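Trainee: Sharing coords-v2.tsv below, TSV, C-alpha atoms and all ligand atoms:
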```tsv
chain	number	residue	atom	x	y	z
A	141	MET	CA	-9.47	32.01	36.88
A	142	GLN	CA	-7.58	28.77	37.46
A	143	ASN	CA	-7.66	27.28	40.97
A	144	LEU	CA	-4.51	27.84	42.98
A	145	LEU	CA	-4.83	24.42	44.53
A	146	GLU	CA	-6.71	21.32	43.56
A	147	ALA	CA	-6.57	18.12	45.61
A	148	LYS	CA	-8.27	14.96	44.44
A	149	ASN	CA	-9.13	11.77	46.32
A	150	LEU	CA	-6.37	12.06	48.88
A	151	ALA	CA	-5.77	9.23	51.29
A	152	HIS	CA	-3.08	8.82	53.90
A	153	ALA	CA	-2.14	6.26	56.54
A	154	TYR	CA	0.56	5.74	59.12
A	155	ASP	CA	0.05	2.58	61.19
A	156	TYR	CA	-3.68	2.85	60.47
A	157	PRO	CA	-5.72	4.75	57.85
A	158	LEU	CA	-5.87	8.43	58.76
A	159	PHE	CA	-8.24	9.73	56.08
A	160	GLU	CA	-9.50	8.86	52.63
A	161	ASP	CA	-11.14	10.32	49.57
A	162	ILE	CA	-10.45	13.96	50.41
A	163	SER	CA	-10.95	16.44	47.59
A	164	LEU	CA	-10.85	20.21	47.80
A	165	SER	CA	-9.84	23.26	45.84
A	166	ILE	CA	-8.78	26.80	46.64
A	167	ALA	CA	-9.40	29.67	44.21
A	168	PRO	CA	-7.68	33.07	44.25
A	169	LYS	CA	-8.85	35.22	47.23
A	170	GLN	CA	-10.40	32.13	48.81
A	171	SER	CA	-9.84	30.81	52.32
A	172	ILE	CA	-10.55	27.38	53.76
A	173	ALA	CA	-10.51	26.46	57.43
A	174	VAL	CA	-10.17	22.94	58.78
A	175	VAL	CA	-11.16	21.96	62.31
A	176	GLY	CA	-11.14	18.59	63.98
A	177	VAL	CA	-10.09	16.84	67.17
A	178	SER	CA	-6.43	16.42	68.04
A	179	GLY	CA	-4.92	13.53	66.10
A	180	SER	CA	-7.56	13.57	63.33
A	181	GLY	CA	-4.89	14.34	60.73
A	182	LYS	CA	-5.18	18.09	60.13
A	183	SER	CA	-1.44	18.74	60.14
A	184	THR	CA	-0.82	15.68	57.98
A	185	LEU	CA	-3.34	16.97	55.42
A	186	LEU	CA	-1.70	20.41	55.52
A	187	HIS	CA	1.71	18.84	54.88
A	188	ILE	CA	0.33	16.87	51.91
A	189	LEU	CA	-1.30	19.95	50.38
A	190	SER	CA	1.78	22.12	50.87
A	191	THR	CA	4.40	19.96	49.03
A	192	LEU	CA	5.93	18.43	52.17
A	193	LEU	CA	4.48	14.92	52.19
A	194	ALA	CA	3.38	12.65	49.34
A	195	PRO	CA	-0.05	11.10	49.99
A	196	LYS	CA	-0.65	7.36	49.79
A	197	LYS	CA	-3.34	8.03	47.19
A	198	GLY	CA	-4.61	10.95	45.16
A	199	SER	CA	-3.08	14.05	43.63
A	200	VAL	CA	-2.37	17.68	44.50
A	201	HIS	CA	-2.13	20.34	41.82
A	202	ILE	CA	-0.65	23.72	42.69
A	203	LEU	CA	-0.94	26.41	40.00
A	204	GLY	CA	-1.84	23.64	37.56
A	205	LYS	CA	1.13	21.43	38.36
A	206	ASP	CA	0.80	17.91	39.73
A	207	ILE	CA	3.30	18.48	42.54
A	208	TYR	CA	4.03	14.87	43.48
A	209	ALA	CA	4.55	13.91	39.83
A	210	LEU	CA	7.25	16.59	39.51
A	211	LYS	CA	10.96	16.13	40.03
A	212	GLU	CA	12.13	17.04	43.53
A	213	LYS	CA	13.85	20.17	42.20
A	214	GLU	CA	10.67	21.50	40.58
A	215	ARG	CA	8.66	20.73	43.69
A	216	LEU	CA	11.23	22.63	45.76
A	217	ALA	CA	10.91	25.63	43.45
A	218	ILE	CA	7.14	25.70	44.03
A	219	ARG	CA	7.69	25.36	47.78
A	220	ARG	CA	10.15	28.22	47.73
A	221	HIS	CA	8.24	30.67	45.55
A	222	ASP	CA	4.54	29.89	45.59
A	223	VAL	CA	3.90	28.31	48.96
A	224	GLY	CA	4.14	29.80	52.44
A	225	ILE	CA	3.89	27.45	55.40
A	226	VAL	CA	3.30	28.55	58.98
A	227	PHE	CA	4.09	25.47	61.07
A	228	GLN	CA	2.24	24.44	64.20
A	229	SER	CA	5.42	24.86	66.22
A	230	HIS	CA	7.26	27.81	64.74
A	231	TYR	CA	10.48	26.89	63.03
A	232	LEU	CA	12.44	30.09	63.41
A	233	PHE	CA	16.23	29.97	63.32
A	234	LYS	CA	17.17	30.07	66.98
A	235	GLY	CA	20.13	32.24	67.90
A	236	PHE	CA	19.32	34.64	65.07
A	237	SER	CA	17.40	37.85	65.43
A	238	ALA	CA	13.83	38.26	64.26
A	239	HIS	CA	15.14	40.56	61.55
A	240	GLU	CA	17.64	37.97	60.30
A	241	ASN	CA	14.92	35.33	60.17
A	242	ILE	CA	12.76	37.49	57.96
A	243	GLU	CA	15.71	38.64	55.88
A	244	VAL	CA	16.57	35.04	54.96
A	245	ALA	CA	13.03	34.47	53.68
A	246	ALA	CA	13.16	37.71	51.71
A	247	LEU	CA	16.50	36.79	50.13
A	248	LEU	CA	15.43	33.25	49.22
A	249	ALA	CA	12.27	34.48	47.53
A	250	ALA	CA	13.93	37.60	46.04
A	251	GLN	CA	11.45	39.88	47.81
A	252	SER	CA	11.98	42.86	50.04
A	253	ILE	CA	10.99	43.16	53.68
A	254	ASP	CA	7.63	44.85	54.09
A	255	GLU	CA	8.05	47.30	56.99
A	256	GLN	CA	4.31	48.01	57.01
A	257	LEU	CA	3.64	44.35	57.64
A	258	LEU	CA	5.95	44.39	60.67
A	259	GLU	CA	4.13	47.47	61.95
A	260	ALA	CA	0.74	45.87	61.36
A	261	PHE	CA	1.86	42.80	63.31
A	262	LYS	CA	3.26	45.03	66.09
A	263	ILE	CA	6.66	43.37	65.91
A	264	ALA	CA	8.68	46.18	64.32
A	265	HIS	CA	10.13	47.11	67.73
A	266	VAL	CA	11.40	43.60	68.51
A	267	MET	CA	13.15	42.92	65.19
A	268	GLN	CA	16.65	43.23	66.64
A	269	LYS	CA	15.96	40.78	69.46
A	270	ARG	CA	17.04	37.19	69.30
A	271	VAL	CA	14.17	34.82	68.56
A	272	THR	CA	14.73	33.00	71.85
A	273	ASP	CA	14.17	36.29	73.70
A	274	LEU	CA	10.76	36.86	72.12
A	275	SER	CA	7.47	35.89	73.72
A	276	GLY	CA	5.57	32.93	72.24
A	277	GLY	CA	3.07	35.25	70.58
A	278	GLU	CA	5.84	37.45	69.16
A	279	GLN	CA	7.57	34.39	67.71
A	280	GLN	CA	4.30	33.34	66.16
A	281	ARG	CA	3.88	36.73	64.51
A	282	VAL	CA	7.48	36.69	63.27
A	283	SER	CA	6.74	33.26	61.73
A	284	ILE	CA	3.68	34.57	59.92
A	285	ALA	CA	5.51	37.73	58.81
A	286	ARG	CA	8.37	35.59	57.52
A	287	VAL	CA	6.00	33.52	55.42
A	288	MET	CA	4.19	36.58	54.06
A	289	THR	CA	7.49	38.24	53.17
A	290	LYS	CA	7.85	35.55	50.48
A	291	LYS	CA	4.64	36.81	48.86
A	292	PRO	CA	3.29	33.27	48.35
A	293	LYS	CA	0.23	32.47	46.24
A	294	LEU	CA	-0.87	29.95	48.83
A	295	ILE	CA	-0.57	30.28	52.59
A	296	PHE	CA	-0.83	27.15	54.73
A	297	ALA	CA	-1.18	27.97	58.39
A	298	ASP	CA	-1.31	25.36	61.15
A	299	GLU	CA	-2.79	26.89	64.32
A	300	PRO	CA	-1.02	30.18	63.52
A	301	THR	CA	-2.70	32.12	66.32
A	302	GLY	CA	-2.63	29.47	69.05
A	303	ASN	CA	-0.36	31.60	71.26
A	304	LEU	CA	-2.16	34.87	70.69
A	305	ASP	CA	-4.90	36.54	72.65
A	306	ARG	CA	-8.08	36.95	70.66
A	307	THR	CA	-7.58	40.65	69.85
A	308	THR	CA	-4.07	40.12	68.53
A	309	ALA	CA	-5.11	36.95	66.70
A	310	TYR	CA	-7.87	38.78	64.88
A	311	GLU	CA	-5.60	41.72	64.01
A	312	VAL	CA	-3.03	39.34	62.55
A	313	MET	CA	-5.68	37.45	60.59
A	314	ASP	CA	-7.11	40.75	59.28
A	315	VAL	CA	-3.71	41.37	57.68
A	316	VAL	CA	-3.67	37.86	56.22
A	317	PHE	CA	-7.20	38.19	54.83
A	318	SER	CA	-6.47	41.51	53.17
A	319	TYR	CA	-3.30	39.99	51.71
A	320	LEU	CA	-5.46	37.31	50.05
A	321	GLN	CA	-7.54	40.02	48.40
A	322	SER	CA	-4.67	42.21	47.24
A	323	GLU	CA	-2.42	39.39	46.01
A	324	ASP	CA	-5.08	36.99	44.66
A	325	ALA	CA	-3.74	34.41	47.07
A	326	GLY	CA	-5.39	31.50	48.89
A	327	LEU	CA	-5.38	30.33	52.50
A	328	PHE	CA	-5.60	26.89	54.08
A	329	LEU	CA	-6.03	27.39	57.81
A	330	VAL	CA	-6.01	24.77	60.54
A	331	THR	CA	-7.49	26.07	63.76
A	332	HIS	CA	-9.30	25.08	66.92
A	333	ASP	CA	-10.98	28.48	67.08
A	334	MET	CA	-14.41	28.06	65.50
A	335	GLU	CA	-15.06	31.79	65.39
A	336	LEU	CA	-11.84	32.35	63.50
A	337	ALA	CA	-12.63	29.41	61.20
A	338	LYS	CA	-15.94	31.02	60.31
A	339	ARG	CA	-14.17	34.08	58.95
A	340	CYS	CA	-12.97	31.81	56.13
A	341	ASP	CA	-15.09	31.24	53.02
A	342	MET	CA	-15.53	27.57	53.83
A	343	VAL	CA	-15.14	25.51	56.98
A	344	TYR	CA	-14.47	21.78	56.93
A	345	GLU	CA	-14.21	19.27	59.72
A	346	LEU	CA	-11.88	16.29	59.57
A	347	LYS	CA	-13.97	13.58	61.18
A	348	GLN	CA	-14.13	9.81	60.93
A	349	LYS	CA	-11.50	9.81	58.19
A	350	ARG	CA	-13.47	12.23	55.98
A	351	LEU	CA	-13.44	15.93	55.29
A	352	VAL	CA	-16.95	17.23	55.79
A	353	ARG	CA	-18.08	20.76	54.95
A	354	ILE	CA	-19.77	22.32	57.98
A	355	SER	CA	-20.07	25.99	56.97
B	401	LIG	N1	5.45	10.92	60.86
B	401	LIG	C1	4.52	10.20	61.49
B	401	LIG	N2	4.67	8.88	61.72
B	401	LIG	C2	3.72	8.15	62.34
B	401	LIG	N3	2.56	8.66	62.79
B	401	LIG	C3	2.34	9.98	62.59
B	401	LIG	C4	3.30	10.83	61.95
B	401	LIG	N4	2.80	12.08	61.89
B	401	LIG	C5	1.61	12.02	62.51
B	401	LIG	N5	1.31	10.78	62.91
B	401	LIG	C6	0.07	10.35	63.59
B	401	LIG	O1	-1.03	10.67	62.75
B	401	LIG	C7	-2.12	11.16	63.52
B	401	LIG	C8	-2.53	12.52	63.00
B	401	LIG	O2	-1.52	13.47	63.29
B	401	LIG	P1	-1.68	15.00	62.93
B	401	LIG	O3	-0.47	15.69	63.41
B	401	LIG	O4	-1.98	15.12	61.47
B	401	LIG	O5	-2.99	15.38	63.77
B	401	LIG	P2	-3.66	16.81	64.03
B	401	LIG	O6	-5.09	16.68	63.62
B	401	LIG	O7	-2.86	17.88	63.38
B	401	LIG	O8	-3.59	16.93	65.62
B	401	LIG	P3	-3.37	18.25	66.57
B	401	LIG	O9	-4.70	18.95	66.61
B	401	LIG	O10	-3.02	17.66	67.88
B	401	LIG	O11	-2.29	19.07	65.98
B	401	LIG	C9	-1.66	11.16	64.96
B	401	LIG	O12	-2.18	10.01	65.59
B	401	LIG	C10	-0.15	11.11	64.87
B	401	LIG	O13	0.42	10.43	65.96
B	402	MG	MG	-1.68	19.41	64.14
```
In structure tokens, how does this file's structure come out?

Mentor:
Amino acid sequence: MQNLLEAKNLAHAYDYPLFEDISLSIAPKQSIAVVGVSGSGKSTLLHILSTLLAPKKGSVHILGKDIYALKEKERLAIRRHDVGIVFQSHYLFKGFSAHENIEVAALLAAQSIDEQLLEAFKIAHVMQKRVTDLSGGEQQRVSIARVMTKKPKLIFADEPTGNLDRTTAYEVMDVVFSYLQSEDAGLFLVTHDMELAKRCDMVYELKQKRLVRIS
């Protein structure tokens, strides 16, 4: 089967070079974790792979399409339908309820809300609350549920369980991992939790401007 994602020879720089010559691919049902010290460029790499930021060098193919060679409109369509991004700081619509946040994602992607998912994430009972009234961990789970409601082929998650205790984090990730199996989807996970990283098929470390496979 075709790879969901294929990145070749990526390089990026802000004031100074951040990383270079990064290549990786994600096949259906496959998960990749990336670890690395703060500031090494993990979030930047995630943004490049997930349609949000054009790299200085290299290419990213998603479902066979060279995403930064596409017109903005086509890239947006891929972002909307095929890609789910869980940001490091959750970007929920403040002032709206958890339910409304998830409903918007469902409408945009023409999917329905999966009540079982909300139960599995233990957030079904807080859906009517305003996002600002939720705990940090609840917000994080609403963010992940919102992304999964889109039924994306690729999930990009930047420290998705940073606010969760280990038990809850593992329960949430169990749901994500079984989603990969049932939907033939792929996962790119940034985490500081090495044990969690090791539950992925491959673990890479971003170190000295390179992506090195460590497990
Ligand atoms: N838009 C930007 N403009 C200029 N510099 C940036 C920008 N975004 C990130 N950087 C810099 O690039 C470096 C890498 O940032 P990035 O957010 O990718 O790191 P990270 O590995 O995700 O770190 P953390 O573990 O703290 O989340 C940092 O030094 C950061 O200050
Ligand atoms: Mg980061």

Trainee: For the atom pair atom CA of A:Glu240 and atom CA of A:His187, what is the interatomic distance in Å to one decimal place?

Mentor: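 Going from atom CA of A:Glu240 over to atom CA of A:His187 covers 25.5 Å.
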
Trainee: Report, in Å with one decimal, the straight-line distance from atom CA of A:Met342 to atom CA of A:Val174.

Mentor: 8.6 Å

Trainee: So, counting only C-alpha atoms and all ligand atoms, which residue among A:Arg219, A:His332, A:His201, A:Arg281 is closest to ligand LIG 401 (chain B)?

Mentor: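 Under the stated criterion, the closest residue is A:His332.
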
Trainee: Taking 6 positions as the minimum chain separation for residues in the same chain, which residues sit within 9 Å of A:Ala153 when counting all atoms listed in the file? Answer as a list in words.

Mentor: Phe159, Glu160, Pro195 and Lys196 of chain A

Trainee: Can those selected residues be exported to a file as an mmCIF file, in the coordinates of the input so that it contains C-alpha atoms?

Mentor:
```cif
data_model
loop_
_atom_site.group_PDB
_atom_site.id
_atom_site.type_symbol
_atom_site.label_atom_id
_atom_site.label_comp_id
_atom_site.auth_asym_id
_atom_site.auth_seq_id
_atom_site.Cartn_x
_atom_site.Cartn_y
_atom_site.Cartn_z
ATOM 1 C CA PHE A 159 -8.240 9.730 56.080
ATOM 2 C CA GLU A 160 -9.500 8.860 52.630
ATOM 3 C CA PRO A 195 -0.050 11.100 49.990
ATOM 4 C CA LYS A 196 -0.650 7.360 49.790
#
```

Trainee: Would you list the residues near (0.6, 27.1, 56.6), meaning any protein, DNA or RNA residue with an atom at most 8 Å from that point in file coordinates, counting only C-alpha atoms, as a list in words?

Mentor: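 Residues with an atom at most 8 Å from (0.6, 27.1, 56.6): Leu186, Ser190, Gly224, Ile225, Val226, Phe227, Ile295, Phe296, Ala297, Asp298, Pro300, Leu327, Phe328 and Leu329 of chain A.
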
Trainee: Convert the current residue selection to file output with C-alpha atoms, as a CSV table (one decimal), in the coordinates of the input.

Mentor:
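Below you can see again_36.csv, which holds the result:
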```csv
chain,number,residue,atom,x,y,z
A,186,LEU,CA,-1.7,20.4,55.5
A,190,SER,CA,1.8,22.1,50.9
A,224,GLY,CA,4.1,29.8,52.4
A,225,ILE,CA,3.9,27.4,55.4
A,226,VAL,CA,3.3,28.6,59.0
A,227,PHE,CA,4.1,25.5,61.1
A,295,ILE,CA,-0.6,30.3,52.6
A,296,PHE,CA,-0.8,27.2,54.7
A,297,ALA,CA,-1.2,28.0,58.4
A,298,ASP,CA,-1.3,25.4,61.2
A,300,PRO,CA,-1.0,30.2,63.5
A,327,LEU,CA,-5.4,30.3,52.5
A,328,PHE,CA,-5.6,26.9,54.1
A,329,LEU,CA,-6.0,27.4,57.8
```

Trainee: In the coordinate frame of the file, compute which residues have an atom within 12 Å of (-8.5, 10.4, 45.3) when using only C-alpha atoms, and state them as a list in words.

Mentor: Glu146, Ala147, Lys148, Asn149, Leu150, Ala151, His152, Phe159, Glu160, Asp161, Ile162, Ser163, Leu164, Pro195, Lys196, Lys197, Gly198, Ser199, Val200 and Arg350 of chain A

Trainee: Would you mind listing, for every residue of chain A within 6 Å of ligand LIG 401 (chain B), the two atoms forming the shortest contact and the distance between them in Å to one decimal, using all atoms listed in the file, sorted by chain and ascending residue number, as JSON lines?

Mentor:
```
{"residue": "A:Tyr154", "atom": "CA", "partner": "B:LIG401", "partner_atom": "N3", "distance": 5.1}
{"residue": "A:Val177", "atom": "CA", "partner": "B:LIG401", "partner_atom": "O9", "distance": 5.8}
{"residue": "A:Ser178", "atom": "CA", "partner": "B:LIG401", "partner_atom": "O9", "distance": 3.4}
{"residue": "A:Gly179", "atom": "CA", "partner": "B:LIG401", "partner_atom": "O5", "distance": 3.5}
{"residue": "A:Ser180", "atom": "CA", "partner": "B:LIG401", "partner_atom": "O6", "distance": 4.0}
{"residue": "A:Gly181", "atom": "CA", "partner": "B:LIG401", "partner_atom": "O4", "distance": 3.1}
{"residue": "A:Lys182", "atom": "CA", "partner": "B:LIG401", "partner_atom": "O6", "distance": 3.8}
{"residue": "A:Ser183", "atom": "CA", "partner": "B:LIG401", "partner_atom": "O7", "distance": 3.6}
{"residue": "A:Thr184", "atom": "CA", "partner": "B:LIG401", "partner_atom": "O4", "distance": 3.7}
```

Trainee: Quick one: distance from atom CA of A:Asp341 to atom CA of A:Ser171 in Å, one decimal?

Mentor: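 Atom CA of A:Ser171 lies at a distance of 5.3 Å from atom CA of A:Asp341.
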
Trainee: With distances taken over only C-alpha atoms and all ligand atoms, which of A:Met288, A:Leu203, A:Glu299, A:Ser237 is nearest to ligand MG 402 (chain B)?

Mentor: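 With only C-alpha atoms and all ligand atoms as the atom set, the closest residue is A:Glu299.
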
Trainee: Closest to A:Val175 among A:Cys340, A:Met313, A:Met334, A:Leu248, using all atoms listed in the file?

Mentor: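 When distances to A:Val175 are compared using all atoms listed in the file, the smallest one comes from A:Met334.
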
Trainee: Excluding same-chain residues fewer than 4 positions from A:Gly277, what lies within 8 Å of it counting all atoms listed in the file, as a PyMOL selection string?

Mentor: chain A and resi 281+301+303-304

Trainee: Calculated over only C-alpha atoms, which of the candidates A:Gln279, A:Leu320, A:Ala167, A:Leu351 has the smallest distance to A:Gln228?

Mentor: A:Gln279

Trainee: Kindly reconstruct stretch 229-247 of chain A with N, CA and C atoms and present the result as a PDB file, keeping the file's coordinate frame.

Mentor:
```
ATOM      1  N   SER A 229       4.410  24.313  65.306  1.00  0.00           N
ATOM      2  CA  SER A 229       5.420  24.860  66.220  1.00  0.00           C
ATOM      3  C   SER A 229       6.369  25.662  65.331  1.00  0.00           C
ATOM      4  N   HIS A 230       6.551  26.913  65.658  1.00  0.00           N
ATOM      5  CA  HIS A 230       7.260  27.810  64.740  1.00  0.00           C
ATOM      6  C   HIS A 230       8.712  27.401  64.579  1.00  0.00           C
ATOM      7  N   TYR A 231       9.110  27.271  63.337  1.00  0.00           N
ATOM      8  CA  TYR A 231      10.480  26.890  63.030  1.00  0.00           C
ATOM      9  C   TYR A 231      11.294  28.118  62.670  1.00  0.00           C
ATOM     10  N   LEU A 232      11.557  28.945  63.665  1.00  0.00           N
ATOM     11  CA  LEU A 232      12.440  30.090  63.410  1.00  0.00           C
ATOM     12  C   LEU A 232      13.864  29.626  63.672  1.00  0.00           C
ATOM     13  N   PHE A 233      14.832  30.313  63.058  1.00  0.00           N
ATOM     14  CA  PHE A 233      16.230  29.970  63.320  1.00  0.00           C
ATOM     15  C   PHE A 233      16.611  30.544  64.681  1.00  0.00           C
ATOM     16  N   LYS A 234      16.815  29.643  65.629  1.00  0.00           N
ATOM     17  CA  LYS A 234      17.170  30.070  66.980  1.00  0.00           C
ATOM     18  C   LYS A 234      18.561  30.680  66.963  1.00  0.00           C
ATOM     19  N   GLY A 235      18.805  31.627  67.853  1.00  0.00           N
ATOM     20  CA  GLY A 235      20.130  32.240  67.900  1.00  0.00           C
ATOM     21  C   GLY A 235      20.268  33.387  66.914  1.00  0.00           C
ATOM     22  N   PHE A 236      19.317  33.505  65.985  1.00  0.00           N
ATOM     23  CA  PHE A 236      19.320  34.640  65.070  1.00  0.00           C
ATOM     24  C   PHE A 236      18.265  35.640  65.527  1.00  0.00           C
ATOM     25  N   SER A 237      18.406  36.856  65.060  1.00  0.00           N
ATOM     26  CA  SER A 237      17.400  37.850  65.430  1.00  0.00           C
ATOM     27  C   SER A 237      16.150  37.659  64.578  1.00  0.00           C
ATOM     28  N   ALA A 238      15.071  38.290  65.027  1.00  0.00           N
ATOM     29  CA  ALA A 238      13.830  38.260  64.260  1.00  0.00           C
ATOM     30  C   ALA A 238      14.076  38.838  62.866  1.00  0.00           C
ATOM     31  N   HIS A 239      14.841  39.917  62.834  1.00  0.00           N
ATOM     32  CA  HIS A 239      15.140  40.560  61.550  1.00  0.00           C
ATOM     33  C   HIS A 239      15.873  39.602  60.608  1.00  0.00           C
ATOM     34  N   GLU A 240      16.870  38.907  61.141  1.00  0.00           N
ATOM     35  CA  GLU A 240      17.640  37.970  60.300  1.00  0.00           C
ATOM     36  C   GLU A 240      16.752  36.844  59.770  1.00  0.00           C
ATOM     37  N   ASN A 241      15.835  36.376  60.606  1.00  0.00           N
ATOM     38  CA  ASN A 241      14.920  35.330  60.170  1.00  0.00           C
ATOM     39  C   ASN A 241      14.085  35.776  58.969  1.00  0.00           C
ATOM     40  N   ILE A 242      13.606  37.005  59.045  1.00  0.00           N
ATOM     41  CA  ILE A 242      12.760  37.490  57.960  1.00  0.00           C
ATOM     42  C   ILE A 242      13.603  37.825  56.724  1.00  0.00           C
ATOM     43  N   GLU A 243      14.811  38.296  56.981  1.00  0.00           N
ATOM     44  CA  GLU A 243      15.710  38.640  55.880  1.00  0.00           C
ATOM     45  C   GLU A 243      16.047  37.411  55.024  1.00  0.00           C
ATOM     46  N   VAL A 244      16.254  36.279  55.693  1.00  0.00           N
ATOM     47  CA  VAL A 244      16.570  35.040  54.960  1.00  0.00           C
ATOM     48  C   VAL A 244      15.422  34.684  54.006  1.00  0.00           C
ATOM     49  N   ALA A 245      14.196  34.777  54.521  1.00  0.00           N
ATOM     50  CA  ALA A 245      13.030  34.470  53.680  1.00  0.00           C
ATOM     51  C   ALA A 245      12.959  35.426  52.498  1.00  0.00           C
ATOM     52  N   ALA A 246      13.213  36.700  52.769  1.00  0.00           N
ATOM     53  CA  ALA A 246      13.160  37.710  51.710  1.00  0.00           C
ATOM     54  C   ALA A 246      14.215  37.417  50.641  1.00  0.00           C
ATOM     55  N   LEU A 247      15.421  37.079  51.081  1.00  0.00           N
ATOM     56  CA  LEU A 247      16.500  36.790  50.130  1.00  0.00           C
ATOM     57  C   LEU A 247      16.180  35.568  49.273  1.00  0.00           C
TER      58      LEU A 247
END
```
